[in-house]
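Dropping target.cif in here (mmCIF, C-alpha atoms):
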data_structure
#
loop_
_atom_site.label_atom_id
_atom_site.label_comp_id
_atom_site.auth_asym_id
_atom_site.auth_seq_id
_atom_site.Cartn_x
_atom_site.Cartn_y
_atom_site.Cartn_z
CA GLU A 1 94.30 102.92 90.73
CA LEU A 2 97.94 103.77 91.51
CA LEU A 3 98.40 105.97 88.44
CA SER A 4 95.12 107.75 89.10
CA ARG A 5 96.19 108.53 92.66
CA LEU A 6 99.63 109.70 91.57
CA THR A 7 98.05 112.08 89.10
CA GLU A 8 95.73 113.49 91.74
CA ASP A 9 98.43 113.88 94.40
CA TRP A 10 101.46 114.83 92.27
CA THR A 11 101.66 118.45 93.40
CA GLU A 12 101.59 117.54 97.09
CA ILE A 13 104.13 114.75 96.55
CA SER A 14 106.47 117.15 94.78
CA ARG A 15 106.32 119.67 97.62
CA ALA A 16 106.71 117.12 100.41
CA PHE A 17 109.53 114.89 99.16
CA PHE A 18 111.58 116.95 96.69
CA VAL A 19 113.58 120.02 97.72
CA SER A 20 113.36 121.50 94.26
CA GLY A 21 109.65 120.70 94.02
CA ASN A 22 110.35 118.87 90.76
CA PRO A 23 110.56 115.04 90.86
CA GLY A 24 110.95 114.80 87.10
CA ARG A 25 109.44 111.90 85.17
CA ILE A 26 108.70 108.54 86.79
CA VAL A 27 111.26 106.04 85.54
CA ARG A 28 110.51 102.89 87.54
CA LEU A 29 107.92 101.24 89.80
CA LYS A 30 109.33 98.62 92.19
CA THR A 31 106.97 96.21 93.94
CA ASP A 32 109.36 93.31 94.46
CA GLY A 33 109.78 92.18 98.06
CA ALA A 34 106.46 93.58 99.26
CA ASP A 35 103.76 91.24 100.57
CA PRO A 36 100.48 91.48 98.64
CA HIS A 37 97.49 92.29 100.83
CA PHE A 38 94.46 94.57 100.73
CA HIS A 39 93.01 92.51 97.84
CA GLY A 40 96.33 92.06 96.02
CA ARG A 41 97.73 95.57 96.47
CA THR A 42 101.38 96.02 97.44
CA THR A 43 103.60 98.79 98.70
CA CYS A 44 105.48 100.33 95.78
CA VAL A 45 108.74 102.29 95.56
CA ILE A 46 108.31 104.96 92.91
CA GLU A 47 111.56 106.15 91.36
CA ALA A 48 111.57 109.49 89.55
CA GLU A 49 114.39 111.28 87.76
CA HIS A 50 115.29 113.34 90.85
CA GLY A 51 114.58 110.89 93.67
CA ALA A 52 112.17 108.30 95.04
CA PHE A 53 109.21 107.95 97.40
CA VAL A 54 107.00 105.11 98.62
CA TYR A 55 103.33 104.47 97.85
CA LYS A 56 101.40 102.59 100.56
CA PRO A 57 98.00 101.12 99.58
CA HIS A 58 96.63 101.36 103.12
CA SER A 59 95.89 104.03 105.68
CA CYS A 60 98.99 105.92 106.86
CA GLU A 61 97.35 107.72 109.76
CA ILE A 62 99.22 105.52 112.24
CA ASP A 63 102.52 106.66 110.64
CA VAL A 64 101.54 110.29 111.14
CA ARG A 65 100.47 109.84 114.78
CA PHE A 66 103.58 107.83 115.62
CA GLY A 67 105.79 110.42 113.94
CA GLU A 68 104.26 113.13 116.14
CA LEU A 69 104.84 111.05 119.29
CA VAL A 70 108.46 110.32 118.38
CA GLN A 71 109.17 113.93 117.48
CA ARG A 72 107.88 115.08 120.88
CA ARG A 73 109.58 112.53 123.10
CA PHE A 74 111.75 109.96 121.30
CA GLY A 75 113.45 111.80 118.44
CA ASP A 76 116.87 111.01 119.92
CA PHE A 77 116.17 107.26 119.50
CA LEU A 78 114.32 106.98 116.18
CA TYR A 79 113.80 108.64 112.83
CA VAL A 80 110.28 108.32 111.42
CA PRO A 81 109.83 108.85 107.66
CA ARG A 82 107.73 111.85 106.63
CA CYS A 83 104.33 110.82 105.36
CA ILE A 84 101.41 112.13 103.31
CA PRO A 85 98.16 110.53 104.54
CA ARG A 86 95.31 110.20 102.06
CA PRO A 87 91.92 108.47 102.53
CA GLY A 88 92.75 104.77 102.69
CA TYR A 89 96.29 105.11 101.33
CA GLY A 90 99.33 107.38 101.52
CA TYR A 91 102.92 108.16 100.58
CA SER A 92 106.11 107.95 102.60
CA GLU A 93 109.58 109.39 102.35
CA PHE A 94 112.03 106.95 100.75
CA ILE A 95 114.74 106.02 103.28
CA GLU A 96 118.19 105.34 101.92
CA ALA A 97 120.60 103.17 103.90
CA LEU A 98 123.64 105.23 104.88
CA PRO A 99 126.95 104.03 106.39
CA VAL A 100 128.45 105.09 109.71
CA GLY A 101 131.88 106.64 110.07
CA SER A 102 133.23 105.10 113.28
CA GLU A 103 132.88 102.44 115.97
CA ALA A 104 131.44 105.10 118.27
CA GLU A 105 128.63 105.72 115.78
CA ILE A 106 127.84 101.99 115.77
CA ASP A 107 127.51 102.19 119.55
CA ARG A 108 125.16 105.15 119.14
CA TYR A 109 123.09 103.20 116.62
CA PHE A 110 122.55 100.28 119.00
CA TYR A 111 121.97 102.62 121.95
CA ARG A 112 119.18 104.29 119.97
CA LEU A 113 117.81 100.93 118.86
CA GLY A 114 117.70 99.82 122.50
CA GLY A 115 115.76 102.94 123.46
CA ALA A 116 113.34 102.32 120.59
CA CYS A 117 112.82 98.73 121.79
CA ALA A 118 111.64 100.02 125.17
CA LEU A 119 109.08 102.22 123.44
CA PHE A 120 107.87 99.30 121.30
CA GLN A 121 107.46 97.14 124.39
CA ALA A 122 105.35 99.90 125.97
CA LEU A 123 103.20 100.09 122.82
CA GLY A 124 102.87 96.31 122.38
CA SER A 125 104.32 96.32 118.86
CA SER A 126 104.84 93.17 116.79
CA ASP A 127 106.35 91.96 113.50
CA LEU A 128 109.40 94.23 113.86
CA HIS A 129 111.70 91.82 112.03
CA SER A 130 114.84 92.95 110.23
CA GLU A 131 113.20 93.50 106.83
CA ASN A 132 111.17 96.36 108.32
CA TRP A 133 114.26 98.34 109.39
CA ILE A 134 116.81 100.52 107.60
CA ALA A 135 120.03 101.84 109.14
CA ARG A 136 120.25 105.50 108.19
CA GLY A 137 123.74 106.18 109.42
CA GLY A 138 123.58 106.22 113.22
CA PHE A 139 119.77 106.17 113.30
CA PRO A 140 117.48 103.13 113.10
CA VAL A 141 114.41 103.71 110.94
CA LEU A 142 111.29 101.53 111.12
CA VAL A 143 109.68 101.66 107.68
CA ASP A 144 106.60 99.47 108.24
CA LEU A 145 104.34 100.70 111.06
CA GLU A 146 101.21 98.66 110.36
CA THR A 147 101.71 96.45 113.43
CA LEU A 148 102.93 99.21 115.74
CA LEU A 149 99.91 98.66 117.99
CA THR A 150 98.96 94.99 118.14
CA PRO A 151 95.99 93.81 120.18
CA THR A 152 96.53 90.43 121.80
CA PRO A 153 93.90 87.86 120.73
CA VAL A 154 92.09 86.30 123.69
CA PRO A 155 90.95 82.66 123.33
CA PHE A 156 87.37 82.79 124.61
CA ASN A 157 86.30 80.59 127.51
CA ASP A 158 89.66 78.86 127.86
CA PRO A 159 91.19 79.61 131.28
CA GLN A 160 94.01 77.15 130.62
CA VAL A 161 95.24 79.28 127.73
CA TRP A 162 94.46 82.74 129.03
CA PRO A 163 93.74 83.07 132.77
CA ASP A 164 91.84 86.07 134.02
CA PRO A 165 94.42 88.91 134.04
CA GLU A 166 92.61 90.51 136.98
CA THR A 167 93.38 87.56 139.24
CA GLU A 168 96.52 86.08 137.64
CA GLN A 169 98.74 89.01 136.75
CA ASN A 170 101.89 86.88 137.12
CA ASP A 171 100.78 84.17 134.74
CA PHE A 172 103.59 83.22 132.36
CA LEU A 173 101.59 83.69 129.16
CA TYR A 174 100.25 87.04 130.35
CA ASP A 175 103.78 88.25 131.16
CA THR A 176 105.12 86.90 127.87
CA ASN A 177 102.62 88.92 125.87
CA LEU A 178 103.69 92.07 127.72
CA SER A 179 107.37 91.44 126.95
CA LEU A 180 109.42 91.88 123.78
CA LEU A 181 108.98 88.23 122.81
CA PRO A 182 106.01 88.85 120.42
CA SER A 183 107.83 91.78 118.77
CA SER A 184 110.15 89.73 116.48
CA LEU A 185 113.01 91.92 117.75
CA LEU A 186 114.73 89.21 119.77
CA PRO A 187 116.97 86.59 118.11
CA GLY A 188 115.02 83.97 116.20
CA ALA A 189 115.50 82.03 112.99
CA SER A 190 113.05 81.30 110.17
CA ASP A 191 113.91 78.94 107.30
CA GLY A 192 117.51 78.99 108.48
CA ARG A 193 117.76 82.78 108.45
CA GLN A 194 118.18 85.06 111.46
CA LEU A 195 115.37 87.65 111.40
CA SER A 196 116.30 89.75 114.44
CA VAL A 197 117.33 93.32 113.67
CA PHE A 198 120.21 92.81 116.14
CA LEU A 199 121.79 89.89 114.29
CA ASP A 200 120.34 89.76 110.77
CA ASP A 201 122.56 87.70 108.48
CA SER A 202 120.94 88.36 105.11
CA LYS A 203 123.12 89.82 102.36
CA ASP A 204 120.28 91.99 101.10
CA SER A 205 118.90 93.51 104.31
CA LEU A 206 119.63 97.13 105.20
CA CYS A 207 118.89 97.02 108.92
CA LEU A 208 122.41 96.98 110.35
CA PRO A 209 125.00 99.80 110.33
CA MET A 210 127.74 99.56 107.70
CA LEU A 211 131.33 100.58 108.50
CA ASP A 212 133.96 100.46 105.75
CA GLY A 213 131.68 98.28 103.63
CA GLU A 214 131.10 95.72 106.40
CA LYS A 215 127.73 95.08 108.04
CA ARG A 216 128.02 95.20 111.82
CA ALA A 217 125.74 93.22 114.14
CA VAL A 218 125.15 93.89 117.83
CA THR A 219 128.00 91.58 118.88
CA GLY A 220 130.51 93.75 120.72
CA HIS A 221 127.92 96.51 121.25
CA GLU A 222 125.62 94.76 123.72
CA GLU A 223 126.34 97.26 126.50
CA ALA A 224 125.19 100.15 124.30
CA LEU A 225 121.99 98.29 123.37
CA CYS A 226 121.16 97.50 127.01
CA ALA A 227 121.97 101.06 128.14
CA GLY A 228 119.62 102.43 125.48
CA PHE A 229 116.86 100.03 126.52
CA SER A 230 117.29 100.97 130.19
CA ASP A 231 117.19 104.70 129.45
CA GLY A 232 114.22 104.28 127.09
CA TYR A 233 112.35 102.17 129.66
CA ASP A 234 112.97 104.78 132.38
CA ARG A 235 111.71 107.49 130.07
CA CYS A 236 108.54 105.55 129.27
CA MET A 237 107.92 105.15 133.00
CA ARG A 238 108.50 108.84 133.69
CA ILE A 239 106.06 109.96 131.01
CA ARG A 240 103.65 107.01 131.22
CA MET A 241 100.63 109.25 131.77
CA GLU A 242 101.59 111.33 128.75
CA LEU A 243 102.01 108.11 126.75
CA ARG A 244 98.54 106.94 127.75
CA GLN A 245 97.10 110.27 126.63
CA ALA A 246 99.07 110.15 123.37
CA LEU A 247 97.52 106.76 122.58
CA GLU A 248 94.10 108.40 122.50
CA ALA A 249 95.10 109.81 119.10
CA PHE A 250 95.34 106.23 117.76
CA LYS A 251 91.75 105.34 118.58
CA GLU A 252 89.68 104.18 115.59
CA LEU A 253 92.78 103.84 113.38
CA PRO A 254 93.09 100.56 111.45
CA VAL A 255 95.94 98.26 112.49
CA ARG A 256 97.15 95.04 110.92
CA VAL A 257 97.11 91.90 113.03
CA LEU A 258 99.09 88.79 112.05
CA LEU A 259 97.75 85.51 113.43
CA ARG A 260 100.22 82.63 113.47
CA ASN A 261 99.67 79.04 114.49
#
Mind turning this structure into structure tokens?
Amino acid sequence: ELLSRLTEDWTEISRAFFVSGNPGRIVRLKTDGADPHFHGRTTCVIEAEHGAFVYKPHSCEIDVRFGELVQRRFGDFLYVPRCIPRPGYGYSEFIEALPVGSEAEIDRYFYRLGGACALFQALGSSDLHSENWIARGGFPVLVDLETLLTPTPVPFNDPQVWPDPETEQNDFLYDTNLSLLPSSLLPGASDGRQLSVFLDDSKDSLCLPMLDGEKRAVTGHEEALCAGFSDGYDRCMRIRMELRQALEAFKELPVRVLLRN
């Protein structure tokens, strides 16, 4: 299936992701690290002689719509990979982790990440753990957008679990689900490993800025992060009607929902 699709789409891939229009021969297919879903399919990094790109075995329409929204209003906070949507699958620009050149650029990185967090709270995003981020110099890049819009499951007929939001707007669980807590952005450990993009401690992750070969966490840059979140939150409030209208473009698009016990 993958090779058939590559053959069909090769001309468009060449134009979109390669300046010369010539990727050269494919030299490697990398599927390690990707979760299998969609009946065993996995995201695949395709390395050619003159560069790489990413094959996604699911609809990429949400990537396209989000890219348009960011470009209009949040391009100073985030970089969204270019994408080729195809029916039921697509291709994405390969994002390479790049270092920063100064402490000031680290501050800018966390300022932008804070602004992005405000947008993700407004959208109700989830599963934004560190493995889904790449630090491209001073810009954070989210490379997995499947859970960008996450509907909150409602336990039916159980007022103890989910009170009527019309009458109990201040309920703790209701407020929690509207906060950043479900996003996986805030500090939290799993199997002894910190998964927050702010503090990730894995040797292999690419989510934090690198300065002089050293990975730098948010420690010491908290003020920049909070300033970015505050500015991003204010912006979301100022353009909230535009945001609501922009979300109309996401109607009928498939999203992935992760249910955890």
Review point. Once you count all atoms listed in the file, which residues end up no further than 12 Å from (122.0, 89.6, 103.2) in the file's frame, shown as a list of chain:residue names?
Key: A:Ser130, A:Glu131, A:Arg193, A:Gln194, A:Leu195, A:Leu199, A:Asp200, A:Asp201, A:Ser202, A:Lys203, A:Asp204, A:Ser205, A:Leu206, A:Cys207, A:Leu208, A:Glu214, A:Lys215, A:Arg216
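Closest approach to Ser126 (chain A) among A:Pro151, A:Pro23, A:Pro254, A:Pro87: A:Pro151, based on all atoms listed in the file.
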#### Entry: Resolved residues for the PyMOL selection byres ((chain A and resi 86) around 10) as a PyMOL selection string
chain A and resi 5+9+56-61+83-85+87-91
Suppose we keep C-alpha atoms; can you now write the selection as a PDB file, in the coordinates of the input?
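Saved file again09.pdb follows:
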ATOM      1  CA  ARG A   5      96.190 108.530  92.660  1.00  0.00           C
ATOM      2  CA  ASP A   9      98.430 113.880  94.400  1.00  0.00           C
ATOM      3  CA  LYS A  56     101.400 102.590 100.560  1.00  0.00           C
ATOM      4  CA  PRO A  57      98.000 101.120  99.580  1.00  0.00           C
ATOM      5  CA  HIS A  58      96.630 101.360 103.120  1.00  0.00           C
ATOM      6  CA  SER A  59      95.890 104.030 105.680  1.00  0.00           C
ATOM      7  CA  CYS A  60      98.990 105.920 106.860  1.00  0.00           C
ATOM      8  CA  GLU A  61      97.350 107.720 109.760  1.00  0.00           C
ATOM      9  CA  CYS A  83     104.330 110.820 105.360  1.00  0.00           C
ATOM     10  CA  ILE A  84     101.410 112.130 103.310  1.00  0.00           C
ATOM     11  CA  PRO A  85      98.160 110.530 104.540  1.00  0.00           C
ATOM     12  CA  PRO A  87      91.920 108.470 102.530  1.00  0.00           C
ATOM     13  CA  GLY A  88      92.750 104.770 102.690  1.00  0.00           C
ATOM     14  CA  TYR A  89      96.290 105.110 101.330  1.00  0.00           C
ATOM     15  CA  GLY A  90      99.330 107.380 101.520  1.00  0.00           C
ATOM     16  CA  TYR A  91     102.920 108.160 100.580  1.00  0.00           C
TER      17      TYR A  91
END
From the list A:Pro81, A:Arg72, A:Glu47, A:Arg238, the nearest residue to Thr31 (chain A) using only C-alpha atoms is A:Glu47
- [ ] Please write as number ranges by chain the full residue list that the PyMOL selection byres ((chain A and resi 132-140) around 7) yields on this file.
- [x] A: 78-79, 96-100, 105-106, 108-109, 112-113, 128-131, 141-144, 206-209
Near Ala116 (chain A), within 12 Å and counting all atoms listed in the file, which residues show up once chain neighbours fewer than 3 positions away are dropped, as a ChimeraX atom specification?
/A:70,73-80,109-113,119-123,125,128,133,139-142,148,180,185,225-233,235-236
Correct to one decimal, the distance CA of Val257 (chain A)-CA of Thr152 (chain A) is 8.9 Å
- Query: When you draw a straight line from CA of Thr7 (chain A) to CA of Ile26 (chain A), how long is it in Å?
  - Reply: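 About the pair CA of Thr7 (chain A) and CA of Ile26 (chain A): they are 11.5 Å apart.
Using only C-alpha atoms, the shortest contact distance between Leu181 (chain A) and any of A:Gly115, A:Gly51, A:Gly67, A:Gly124 is found at A:Gly124.
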Output region 138-149 of chain A as a PDB file, in the coordinates of the input, making sure all heavy atoms are there.
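As written to disk, result_12.pdb reads:
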ATOM      1  N   GLY A 138     123.686 106.597 111.814  1.00  0.00           N
ATOM      2  CA  GLY A 138     123.580 106.220 113.220  1.00  0.00           C
ATOM      3  C   GLY A 138     122.174 106.120 113.739  1.00  0.00           C
ATOM      4  O   GLY A 138     121.973 105.926 114.940  1.00  0.00           O
ATOM      5  N   PHE A 139     121.162 106.224 112.863  1.00  0.00           N
ATOM      6  CA  PHE A 139     119.770 106.170 113.300  1.00  0.00           C
ATOM      7  C   PHE A 139     119.048 104.948 112.744  1.00  0.00           C
ATOM      8  O   PHE A 139     119.085 104.698 111.532  1.00  0.00           O
ATOM      9  CB  PHE A 139     119.002 107.419 112.861  1.00  0.00           C
ATOM     10  CG  PHE A 139     119.020 108.534 113.869  1.00  0.00           C
ATOM     11  CD1 PHE A 139     120.005 109.495 113.817  1.00  0.00           C
ATOM     12  CD2 PHE A 139     118.082 108.601 114.885  1.00  0.00           C
ATOM     13  CE1 PHE A 139     120.046 110.526 114.752  1.00  0.00           C
ATOM     14  CE2 PHE A 139     118.099 109.614 115.820  1.00  0.00           C
ATOM     15  CZ  PHE A 139     119.094 110.587 115.755  1.00  0.00           C
ATOM     16  N   PRO A 140     118.366 104.183 113.607  1.00  0.00           N
ATOM     17  CA  PRO A 140     117.480 103.130 113.100  1.00  0.00           C
ATOM     18  C   PRO A 140     116.168 103.735 112.620  1.00  0.00           C
ATOM     19  O   PRO A 140     115.639 104.665 113.229  1.00  0.00           O
ATOM     20  CB  PRO A 140     117.254 102.245 114.336  1.00  0.00           C
ATOM     21  CG  PRO A 140     117.457 103.160 115.508  1.00  0.00           C
ATOM     22  CD  PRO A 140     118.431 104.223 115.077  1.00  0.00           C
ATOM     23  N   VAL A 141     115.661 103.210 111.510  1.00  0.00           N
ATOM     24  CA  VAL A 141     114.410 103.710 110.940  1.00  0.00           C
ATOM     25  C   VAL A 141     113.478 102.522 110.713  1.00  0.00           C
ATOM     26  O   VAL A 141     113.811 101.594 109.972  1.00  0.00           O
ATOM     27  CB  VAL A 141     114.634 104.443 109.596  1.00  0.00           C
ATOM     28  CG1 VAL A 141     113.310 105.029 109.086  1.00  0.00           C
ATOM     29  CG2 VAL A 141     115.684 105.541 109.741  1.00  0.00           C
ATOM     30  N   LEU A 142     112.316 102.542 111.355  1.00  0.00           N
ATOM     31  CA  LEU A 142     111.290 101.530 111.120  1.00  0.00           C
ATOM     32  C   LEU A 142     110.421 101.998 109.960  1.00  0.00           C
ATOM     33  O   LEU A 142     109.835 103.074 110.022  1.00  0.00           O
ATOM     34  CB  LEU A 142     110.441 101.327 112.369  1.00  0.00           C
ATOM     35  CG  LEU A 142     109.339 100.273 112.298  1.00  0.00           C
ATOM     36  CD1 LEU A 142     109.932  98.881 112.123  1.00  0.00           C
ATOM     37  CD2 LEU A 142     108.463 100.319 113.542  1.00  0.00           C
ATOM     38  N   VAL A 143     110.358 101.203 108.890  1.00  0.00           N
ATOM     39  CA  VAL A 143     109.680 101.660 107.680  1.00  0.00           C
ATOM     40  C   VAL A 143     108.311 101.014 107.473  1.00  0.00           C
ATOM     41  O   VAL A 143     107.602 101.366 106.537  1.00  0.00           O
ATOM     42  CB  VAL A 143     110.556 101.420 106.430  1.00  0.00           C
ATOM     43  CG1 VAL A 143     111.800 102.290 106.478  1.00  0.00           C
ATOM     44  CG2 VAL A 143     110.951  99.951 106.290  1.00  0.00           C
ATOM     45  N   ASP A 144     107.929 100.083 108.325  1.00  0.00           N
ATOM     46  CA  ASP A 144     106.600  99.470 108.240  1.00  0.00           C
ATOM     47  C   ASP A 144     105.955  99.557 109.617  1.00  0.00           C
ATOM     48  O   ASP A 144     106.355  98.867 110.553  1.00  0.00           O
ATOM     49  CB  ASP A 144     106.708  98.011 107.788  1.00  0.00           C
ATOM     50  CG  ASP A 144     105.340  97.388 107.533  1.00  0.00           C
ATOM     51  OD1 ASP A 144     104.322  97.989 107.938  1.00  0.00           O
ATOM     52  OD2 ASP A 144     105.281  96.296 106.936  1.00  0.00           O
ATOM     53  N   LEU A 145     104.946 100.417 109.748  1.00  0.00           N
ATOM     54  CA  LEU A 145     104.340 100.700 111.060  1.00  0.00           C
ATOM     55  C   LEU A 145     102.959 100.086 111.219  1.00  0.00           C
ATOM     56  O   LEU A 145     102.253 100.403 112.173  1.00  0.00           O
ATOM     57  CB  LEU A 145     104.248 102.221 111.253  1.00  0.00           C
ATOM     58  CG  LEU A 145     105.564 102.985 111.172  1.00  0.00           C
ATOM     59  CD1 LEU A 145     105.310 104.482 111.244  1.00  0.00           C
ATOM     60  CD2 LEU A 145     106.501 102.569 112.283  1.00  0.00           C
ATOM     61  N   GLU A 146     102.565  99.208 110.319  1.00  0.00           N
ATOM     62  CA  GLU A 146     101.210  98.660 110.360  1.00  0.00           C
ATOM     63  C   GLU A 146     100.906  97.891 111.645  1.00  0.00           C
ATOM     64  O   GLU A 146      99.774  97.856 112.103  1.00  0.00           O
ATOM     65  CB  GLU A 146     100.994  97.709 109.181  1.00  0.00           C
ATOM     66  CG  GLU A 146     100.741  98.387 107.858  1.00  0.00           C
ATOM     67  CD  GLU A 146     100.422  97.349 106.806  1.00  0.00           C
ATOM     68  OE1 GLU A 146     101.344  96.743 106.237  1.00  0.00           O
ATOM     69  OE2 GLU A 146      99.225  97.126 106.572  1.00  0.00           O
ATOM     70  N   THR A 147     101.933  97.249 112.228  1.00  0.00           N
ATOM     71  CA  THR A 147     101.710  96.450 113.430  1.00  0.00           C
ATOM     72  C   THR A 147     102.297  97.124 114.665  1.00  0.00           C
ATOM     73  O   THR A 147     102.663  96.462 115.635  1.00  0.00           O
ATOM     74  CB  THR A 147     102.314  95.041 113.254  1.00  0.00           C
ATOM     75  OG1 THR A 147     103.701  95.174 112.894  1.00  0.00           O
ATOM     76  CG2 THR A 147     101.594  94.270 112.168  1.00  0.00           C
ATOM     77  N   LEU A 148     102.395  98.442 114.615  1.00  0.00           N
ATOM     78  CA  LEU A 148     102.930  99.210 115.740  1.00  0.00           C
ATOM     79  C   LEU A 148     102.126  98.986 117.004  1.00  0.00           C
ATOM     80  O   LEU A 148     102.664  98.860 118.104  1.00  0.00           O
ATOM     81  CB  LEU A 148     102.933 100.695 115.378  1.00  0.00           C
ATOM     82  CG  LEU A 148     103.556 101.647 116.385  1.00  0.00           C
ATOM     83  CD1 LEU A 148     105.065 101.472 116.402  1.00  0.00           C
ATOM     84  CD2 LEU A 148     103.201 103.085 116.056  1.00  0.00           C
ATOM     85  N   LEU A 149     100.806  98.951 116.869  1.00  0.00           N
ATOM     86  CA  LEU A 149      99.910  98.660 117.990  1.00  0.00           C
ATOM     87  C   LEU A 149      99.207  97.343 117.673  1.00  0.00           C
ATOM     88  O   LEU A 149      98.433  97.267 116.722  1.00  0.00           O
ATOM     89  CB  LEU A 149      98.871  99.777 118.154  1.00  0.00           C
ATOM     90  CG  LEU A 149      99.447 101.170 118.436  1.00  0.00           C
ATOM     91  CD1 LEU A 149      98.349 102.216 118.350  1.00  0.00           C
ATOM     92  CD2 LEU A 149     100.098 101.205 119.795  1.00  0.00           C
TER      93      LEU A 149
END
